[in-house]
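Colleague: See data36.cif below, with mmCIF, C-alpha atoms.
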data_query
loop_
_atom_site.label_atom_id
_atom_site.label_comp_id
_atom_site.auth_asym_id
_atom_site.auth_seq_id
_atom_site.Cartn_x
_atom_site.Cartn_y
_atom_site.Cartn_z
CA MET A 50 87.39 2.85 31.09
CA SER A 51 87.32 0.00 28.57
CA PRO A 52 86.46 -3.48 29.88
CA VAL A 53 89.04 -6.24 29.88
CA VAL A 54 87.93 -8.86 27.35
CA GLU A 55 88.40 -12.31 28.85
CA PRO A 56 90.97 -14.49 27.02
CA ALA A 57 88.75 -17.01 25.23
CA THR A 58 86.39 -14.28 24.02
CA GLY A 59 89.34 -12.21 22.83
CA LEU A 60 90.73 -15.17 20.88
CA LEU A 61 87.38 -15.80 19.21
CA LEU A 62 87.06 -12.13 18.24
CA GLU A 63 90.57 -12.23 16.75
CA GLN A 64 89.66 -15.32 14.74
CA MET A 65 86.49 -13.63 13.47
CA ARG A 66 88.46 -10.59 12.33
CA ALA A 67 91.15 -12.74 10.69
CA GLY A 68 88.48 -14.67 8.79
CA GLY A 69 87.53 -11.56 6.84
CA GLY A 70 84.28 -11.59 4.91
CA LYS A 71 81.46 -9.12 4.82
CA PRO A 72 79.90 -7.70 7.96
CA LEU A 73 76.47 -9.17 8.66
CA TYR A 74 74.58 -6.05 7.61
CA GLU A 75 76.06 -6.32 4.09
CA MET A 76 75.07 -9.97 3.66
CA THR A 77 71.96 -11.46 2.09
CA VAL A 78 69.34 -13.16 4.23
CA ASP A 79 70.30 -16.57 2.84
CA ASP A 80 73.97 -15.93 3.58
CA VAL A 81 73.22 -14.85 7.15
CA ARG A 82 71.19 -17.99 7.76
CA ALA A 83 73.91 -20.20 6.29
CA MET A 84 76.56 -18.42 8.36
CA MET A 85 74.60 -19.00 11.56
CA VAL A 86 74.16 -22.70 10.81
CA GLY A 87 77.87 -23.08 10.04
CA SER A 88 79.07 -21.21 13.10
CA SER A 89 76.75 -23.14 15.41
CA GLN A 90 78.25 -26.42 14.23
CA ILE A 91 81.73 -25.16 15.09
CA LEU A 92 81.15 -23.15 18.26
CA ALA A 93 78.36 -24.85 20.19
CA GLY A 94 80.56 -27.47 21.85
CA PRO A 95 79.86 -31.12 22.75
CA ARG A 96 76.25 -32.20 22.41
CA VAL A 97 74.44 -33.08 25.63
CA GLU A 98 72.55 -36.37 25.43
CA VAL A 99 68.91 -36.40 26.50
CA GLU A 100 66.29 -39.12 26.67
CA SER A 101 64.49 -38.17 23.46
CA VAL A 102 64.31 -35.52 20.77
CA VAL A 103 61.18 -35.33 18.63
CA ASP A 104 60.49 -32.96 15.74
CA ARG A 105 56.84 -32.11 15.39
CA THR A 106 54.59 -29.61 13.67
CA LEU A 107 51.88 -28.23 15.93
CA ALA A 108 48.43 -27.25 14.76
CA THR A 109 47.81 -23.98 16.59
CA ALA A 110 45.31 -21.16 16.47
CA VAL A 111 47.59 -19.23 14.05
CA GLY A 112 48.63 -22.12 11.84
CA HIS A 113 51.25 -24.84 11.84
CA VAL A 114 54.37 -24.24 13.95
CA PRO A 115 57.44 -26.53 13.81
CA VAL A 116 58.88 -27.43 17.21
CA ARG A 117 61.50 -29.75 18.64
CA ILE A 118 60.59 -31.46 21.90
CA TYR A 119 63.39 -32.53 24.25
CA THR A 120 62.83 -34.87 27.21
CA PRO A 121 65.59 -35.24 29.83
CA ALA A 122 67.17 -38.57 30.73
CA GLY A 123 67.04 -39.85 34.29
CA ALA A 124 64.81 -37.10 35.65
CA GLN A 125 63.86 -37.81 39.25
CA SER A 126 60.23 -36.74 39.11
CA ARG A 127 57.28 -37.12 36.76
CA PRO A 128 55.39 -35.24 35.42
CA LEU A 129 58.11 -32.77 34.51
CA PRO A 130 58.16 -28.98 34.26
CA LEU A 131 57.77 -27.48 30.79
CA LEU A 132 60.12 -24.92 29.26
CA GLY A 133 59.26 -23.10 26.05
CA TYR A 134 62.48 -22.00 24.34
CA PHE A 135 62.83 -19.39 21.60
CA HIS A 136 66.06 -19.28 19.60
CA GLY A 137 68.03 -16.16 18.76
CA GLY A 138 69.32 -14.96 15.41
CA GLY A 139 67.90 -11.47 15.05
CA PHE A 140 64.51 -12.95 14.09
CA VAL A 141 65.91 -13.38 10.55
CA GLY A 142 68.42 -16.16 11.19
CA GLY A 143 68.62 -18.97 13.68
CA ASP A 144 66.54 -22.13 13.72
CA LEU A 145 66.05 -25.34 15.65
CA ASP A 146 69.46 -26.63 14.57
CA THR A 147 71.52 -23.53 15.38
CA HIS A 148 70.32 -23.59 19.00
CA ASP A 149 70.00 -27.34 19.45
CA GLY A 150 72.97 -27.36 21.83
CA THR A 151 71.42 -24.76 24.13
CA ALA A 152 68.04 -26.51 24.15
CA ARG A 153 69.67 -29.86 24.98
CA TYR A 154 71.68 -28.35 27.83
CA LEU A 155 68.67 -26.61 29.35
CA CYS A 156 66.56 -29.76 29.04
CA GLN A 157 68.98 -32.12 30.74
CA ASN A 158 70.33 -29.79 33.39
CA SER A 159 67.02 -28.15 34.29
CA GLU A 160 65.23 -31.52 34.28
CA ALA A 161 62.47 -30.01 32.16
CA ILE A 162 60.74 -30.91 28.93
CA VAL A 163 61.89 -28.26 26.47
CA VAL A 164 59.74 -27.26 23.50
CA ALA A 165 61.97 -25.28 21.12
CA VAL A 166 59.96 -23.17 18.71
CA HIS A 167 60.81 -22.43 15.08
CA TYR A 168 58.70 -19.30 14.70
CA ARG A 169 58.12 -17.72 11.30
CA ARG A 170 61.02 -15.50 10.25
CA PRO A 171 61.25 -12.26 8.29
CA PRO A 172 61.45 -10.98 5.67
CA GLU A 173 59.11 -13.74 4.45
CA HIS A 174 56.95 -13.24 7.55
CA ARG A 175 57.26 -9.91 9.29
CA PHE A 176 56.04 -8.80 12.73
CA PRO A 177 53.79 -9.94 14.36
CA ALA A 178 54.13 -13.44 12.84
CA ALA A 179 56.90 -14.53 15.24
CA VAL A 180 54.98 -13.21 18.25
CA ASP A 181 51.81 -14.98 17.13
CA ASP A 182 53.67 -18.28 16.72
CA ALA A 183 55.36 -17.93 20.10
CA GLN A 184 52.16 -17.11 21.94
CA ALA A 185 50.20 -19.88 20.20
CA THR A 186 52.86 -22.46 21.00
CA VAL A 187 52.91 -21.58 24.69
CA ALA A 188 49.11 -21.89 24.79
CA TRP A 189 49.42 -25.28 23.07
CA MET A 190 51.99 -26.41 25.66
CA ALA A 191 49.63 -25.55 28.51
CA ASP A 192 46.72 -27.34 26.84
CA HIS A 193 48.77 -30.45 25.97
CA ALA A 194 50.99 -30.66 29.05
CA ARG A 195 49.74 -34.09 30.09
CA GLU A 196 50.29 -35.46 26.59
CA LEU A 197 53.91 -34.30 26.80
CA GLY A 198 54.41 -35.79 30.25
CA GLY A 199 54.55 -32.31 31.68
CA ASP A 200 53.00 -30.24 34.44
CA ALA A 201 51.17 -27.14 33.19
CA SER A 202 51.46 -25.51 36.62
CA ARG A 203 55.25 -25.44 36.15
CA LEU A 204 55.43 -23.82 32.72
CA ALA A 205 58.37 -21.48 32.08
CA LEU A 206 59.87 -19.60 29.15
CA ALA A 207 63.43 -18.99 28.01
CA GLY A 208 65.07 -17.36 25.02
CA ASP A 209 68.24 -15.68 23.86
CA SER A 210 68.57 -12.37 22.04
CA ALA A 211 65.59 -12.15 19.64
CA GLY A 212 64.25 -15.26 21.33
CA GLY A 213 64.57 -13.44 24.64
CA ASN A 214 62.44 -10.72 23.11
CA LEU A 215 59.74 -13.25 22.24
CA ALA A 216 59.86 -14.85 25.68
CA THR A 217 59.52 -11.40 27.27
CA VAL A 218 56.62 -10.39 25.03
CA VAL A 219 54.71 -13.65 25.55
CA ALA A 220 55.19 -13.38 29.31
CA GLN A 221 53.82 -9.84 29.29
CA MET A 222 50.81 -10.93 27.23
CA ALA A 223 50.19 -13.84 29.59
CA ALA A 224 50.30 -11.49 32.59
CA GLU A 225 47.65 -9.41 30.83
CA GLY A 226 45.40 -12.48 30.58
CA HIS A 227 46.31 -13.52 27.04
CA GLY A 228 47.98 -16.80 27.87
CA PRO A 229 48.60 -19.37 30.58
CA ARG A 230 50.05 -18.57 33.96
CA LEU A 231 53.84 -18.82 33.89
CA ALA A 232 56.08 -19.99 36.71
CA TYR A 233 59.40 -18.48 35.57
CA GLN A 234 61.25 -16.83 32.69
CA ALA A 235 64.96 -16.89 31.82
CA LEU A 236 66.15 -14.24 29.37
CA PHE A 237 69.63 -14.45 27.88
CA TYR A 238 70.97 -11.08 26.63
CA PRO A 239 67.44 -10.21 25.51
CA LEU A 240 66.53 -7.59 22.93
CA VAL A 241 63.90 -5.53 24.73
CA ASP A 242 64.19 -2.13 23.01
CA PHE A 243 64.07 -2.16 19.21
CA THR A 244 63.75 1.61 18.89
CA LEU A 245 67.54 1.60 18.46
CA GLY A 246 68.04 4.63 20.66
CA THR A 247 71.41 5.52 22.13
CA SER A 248 72.79 4.07 25.35
CA PRO A 249 76.27 3.78 26.84
CA SER A 250 76.54 0.09 25.89
CA ARG A 251 75.34 0.74 22.34
CA THR A 252 77.92 3.50 22.01
CA GLN A 253 80.76 1.54 23.57
CA PHE A 254 80.15 -1.89 22.05
CA GLY A 255 78.11 -1.27 18.91
CA GLY A 256 80.89 -0.20 16.55
CA GLY A 257 81.65 -3.66 15.21
CA ASP A 258 84.60 -4.78 17.34
CA PHE A 259 82.50 -6.86 19.74
CA PHE A 260 80.63 -9.19 17.35
CA LEU A 261 77.13 -7.64 17.24
CA SER A 262 77.00 -4.06 15.92
CA ASN A 263 74.47 -1.25 15.80
CA ARG A 264 74.39 -1.56 12.01
CA ASP A 265 73.57 -5.26 12.38
CA MET A 266 70.68 -4.32 14.65
CA ALA A 267 69.35 -1.85 12.10
CA TRP A 268 69.56 -4.57 9.43
CA PHE A 269 67.59 -6.98 11.61
CA ARG A 270 64.94 -4.37 12.34
CA GLU A 271 64.61 -3.45 8.67
CA HIS A 272 63.73 -7.06 7.93
CA TYR A 273 61.54 -7.69 10.98
CA LEU A 274 59.28 -4.64 10.83
CA ALA A 275 57.10 -3.47 7.96
CA ASP A 276 57.51 0.09 9.25
CA PRO A 277 60.03 1.54 11.76
CA SER A 278 57.14 3.12 13.69
CA GLN A 279 56.21 -0.37 14.89
CA ALA A 280 59.32 -0.34 17.09
CA THR A 281 57.40 1.49 19.84
CA ASP A 282 54.85 -1.34 20.08
CA PRO A 283 55.52 -3.20 23.37
CA ARG A 284 55.26 -6.46 21.40
CA VAL A 285 58.41 -5.28 19.60
CA SER A 286 60.07 -3.33 22.42
CA PRO A 287 58.78 -4.86 25.67
CA LEU A 288 60.89 -2.44 27.73
CA LEU A 289 58.29 0.17 26.72
CA ALA A 290 55.35 -1.73 28.25
CA SER A 291 53.43 0.49 30.65
CA ASP A 292 52.76 -2.12 33.34
CA LEU A 293 55.05 -4.99 34.39
CA HIS A 294 53.10 -6.14 37.42
CA GLY A 295 52.16 -9.80 37.60
CA LEU A 296 55.10 -11.18 35.63
CA PRO A 297 56.75 -14.39 36.83
CA PRO A 298 60.10 -14.51 38.64
CA THR A 299 62.77 -13.65 36.10
CA LEU A 300 66.42 -14.36 35.41
CA ILE A 301 68.31 -12.05 33.04
CA VAL A 302 71.76 -13.13 31.88
CA ALA A 303 73.86 -10.40 30.25
CA ALA A 304 77.30 -10.03 28.67
CA GLU A 305 79.46 -7.07 29.64
CA CYS A 306 80.71 -6.33 26.10
CA ASP A 307 77.29 -6.47 24.46
CA LEU A 308 75.46 -3.48 23.02
CA LEU A 309 72.22 -4.89 24.52
CA ASN A 310 73.65 -4.86 28.04
CA ASP A 311 72.06 -1.59 29.18
CA GLU A 312 68.56 -2.45 28.03
CA GLY A 313 68.70 -5.81 29.78
CA ARG A 314 69.72 -4.05 32.97
CA ALA A 315 66.98 -1.44 32.48
CA TYR A 316 64.39 -4.19 32.12
CA ALA A 317 65.63 -5.89 35.29
CA ASP A 318 65.30 -2.57 37.13
CA ARG A 319 61.75 -2.04 35.86
CA LEU A 320 60.75 -5.56 36.91
CA ALA A 321 62.15 -4.99 40.39
CA ALA A 322 60.29 -1.67 40.64
CA ALA A 323 57.07 -3.52 39.74
CA GLY A 324 57.63 -6.01 42.55
CA VAL A 325 58.68 -8.90 40.30
CA PRO A 326 61.40 -11.15 41.76
CA VAL A 327 64.32 -10.70 39.38
CA GLU A 328 67.93 -11.79 39.24
CA TYR A 329 70.36 -10.03 36.91
CA ARG A 330 73.72 -11.64 36.22
CA CYS A 331 76.27 -9.99 33.93
CA PHE A 332 79.25 -12.10 32.82
CA SER A 333 82.38 -10.01 32.59
CA GLY A 334 84.58 -9.62 29.54
CA THR A 335 82.43 -11.46 27.05
CA ILE A 336 80.11 -10.76 24.12
CA HIS A 337 76.59 -11.19 22.84
CA ALA A 338 75.63 -14.81 22.11
CA PHE A 339 78.44 -16.17 24.28
CA MET A 340 76.21 -18.97 25.57
CA SER A 341 75.78 -20.21 21.99
CA PHE A 342 79.59 -20.10 21.65
CA ALA A 343 80.17 -22.30 24.70
CA GLY A 344 82.43 -24.63 22.72
CA ALA A 345 84.90 -21.79 22.19
CA ILE A 346 84.15 -19.62 25.23
CA PRO A 347 84.15 -21.65 28.47
CA ILE A 348 82.34 -18.86 30.30
CA GLY A 349 79.40 -19.65 27.99
CA ARG A 350 79.19 -23.14 29.47
CA GLU A 351 79.42 -21.60 32.93
CA ALA A 352 76.44 -19.37 32.08
CA LEU A 353 74.45 -22.34 30.77
CA GLU A 354 75.15 -24.22 33.99
CA PHE A 355 74.16 -21.20 36.06
CA ALA A 356 70.92 -20.59 34.14
CA SER A 357 69.94 -24.26 34.17
CA GLY A 358 70.47 -24.37 37.92
CA ARG A 359 68.24 -21.36 38.45
CA ILE A 360 65.51 -22.79 36.19
CA LYS A 361 65.69 -26.15 37.97
CA ALA A 362 65.49 -24.54 41.37
CA ALA A 363 62.47 -22.48 40.34
CA LEU A 364 60.57 -25.35 38.74
CA HIS A 365 61.51 -28.21 41.06
CA GLY A 366 61.69 -26.30 44.30
#
Represent the supplied structure as C-alpha cells.
Modeller:
Amino acid sequence: MSPVVEPATGLLLEQMRAGGGKPLYEMTVDDVRAMMVGSSQILAGPRVEVESVVDRTLATAVGHVPVRIYTPAGAQSRPLPLLGYFHGGGFVGGDLDTHDGTARYLCQNSEAIVVAVHYRRPPEHRFPAAVDDAQATVAWMADHARELGGDASRLALAGDSAGGNLATVVAQMAAEGHGPRLAYQALFYPLVDFTLGTSPSRTQFGGGDFFLSNRDMAWFREHYLADPSQATDPRVSPLLASDLHGLPPTLIVAAECDLLNDEGRAYADRLAAAGVPVEYRCFSGTIHAFMSFAGAIPIGREALEFASGRIKAALHG
C-alpha cells in the first residue's frame, strides 16, 4: 500500500517536477553544489537568531578544517554542552551555508554550542578524508571545550544524511577508544549502508518520484569512494560494524517516503539489541531532507523542534 504524502511535501514535489531540469545524477559536481546552495536559500525558512556565529579554521591532527561556531542567546547555564554537527549533501554537495539554518535552530533550541564542520568533499578529496576531518574536529572540540565556553563531559554529535553517516562513524570510533566519550547522538535520516543493496524502502521510494533516488545514491558513491569495494568498510557503511556496544544514547529521525528509511530503522534495531538507549521517530508522508526544507514543509520545523528538545533534555538533564 502506497503511503499518503502529506500536503506540503506533495506540493514541493510537484514544484520540483514542474521546474524541469536534469536529475541530480546527470549533473556536474559544480552544478549540484550550486543547486544545493540555491535551494537552501529558498527552502530553509526564517533564520533563527543566536548570540554569536564565528567562522574559524581549526588546526587539527589531519590538517586545517573550516568550522562555524554557534553560541546560543540567553542560555540559562554556563558552561554549555557542545554539539558537533555534520551537514548533508551526499558528501559531494552541502556546506556551512546550505545547513546554516539547521545549525542555528539546533544551537538556540538545544541551548548548546554548535560546531558545524565543513569536511573535505569528493571528488577532490575521497574517503576517508571526510571521516578524518570529522574525527579530528570532535577531538579538537573535547580538547578546547573550555576555550569555547563548553563542557567536554556533555559533548554530542548530530548530522543529516551524509552528515548522519559521519556522526555515526565518529561515534563508533569513539566507542572503540579512538575519540572522546560522547553523551548523545542525533541522526537525521542517516546514510548507514552505502553498499546500495536492495530494501523495501529503496524499491518503493528510490525511483525518482520522492526527491532522492537510487541513481542519485550511486552517483554520490561513485564520487565518494575510490573503489566500490570500500563500501563494506564500517567507516563507510556503519550499519555493517560488528559491535555497537558502548555507543551513546541515540535519536534517529526518519522520513516515511525516503529510500534510506529501512536502513535507519535497521540501525536503530541493532543499537537496541546492543543495549544502547535509542529512540526512532519516523515522520509520516514526507521525504528525505525534509528538515532542511522546513521553510516549505512545516513538518520539517516540527522535526527540528522535536530533535532539539531531545538533545536539550539529554545534555541539560
Colleague: Within 9 Å of region 107-112 of chain A, which residues of region 147-263 of chain A come that close, and what is the closest atom pair and distance in Å for each? Count all atoms listed in the file and give it as CSV.
Modeller:
residue,atom,partner,partner_atom,distance
A:Ala178,CA,A:Val111,CA,8.8
A:Asp181,CA,A:Val111,CA,6.7
A:Asp182,CA,A:Val111,CA,6.7
A:Ala185,CA,A:Thr109,CA,6.0
A:Thr186,CA,A:Thr109,CA,6.9
A:Ala188,CA,A:Thr109,CA,8.6
A:Trp189,CA,A:Thr109,CA,6.8
Colleague: Find, counting all atoms listed in the file, the residue in A:Thr106, A:Asn214, A:Gln234, A:Asn263 that gets nearest to Pro72 (chain A).
Modeller: A:Asn263
Colleague: Neighbours of region 309-323 of chain A within 8 Å (all atoms listed in the file; same-chain residues fewer than 4 positions away dropped), as a PyMOL selection string?
Modeller: chain A and resi 238-242+248-251+288+292-294+301+303-305+327-329+337
Colleague: What's around Asp209 (chain A) at 8 Å? Count all atoms listed in the file, leave out sequence neighbours fewer than 2 positions away in its own chain, and write the answer as number ranges by chain.
Modeller: A: 135-137, 207, 211-214, 236-239, 338
Colleague: Please, what distance in Å, to one decimal, runs between CA of Tyr168 (chain A) and CA of Arg264 (chain A)?
Modeller: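 About the pair CA of Tyr168 (chain A) and CA of Arg264 (chain A): they are 23.8 Å apart.
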Colleague: I'd like the contact shell of Pro128 (chain A) - 12 Å cut-off, all atoms listed in the file, skipping same-chain residues fewer than 4 positions apart - returned as a list in words.
Modeller: Thr120, Pro121, Ala124, Glu160, Ala161, Ile162, Ala194, Arg195, Glu196, Leu197, Gly198, Gly199, Asp200, Ala201, Ser202, Arg203, Leu204, Leu364 and His365 of chain A
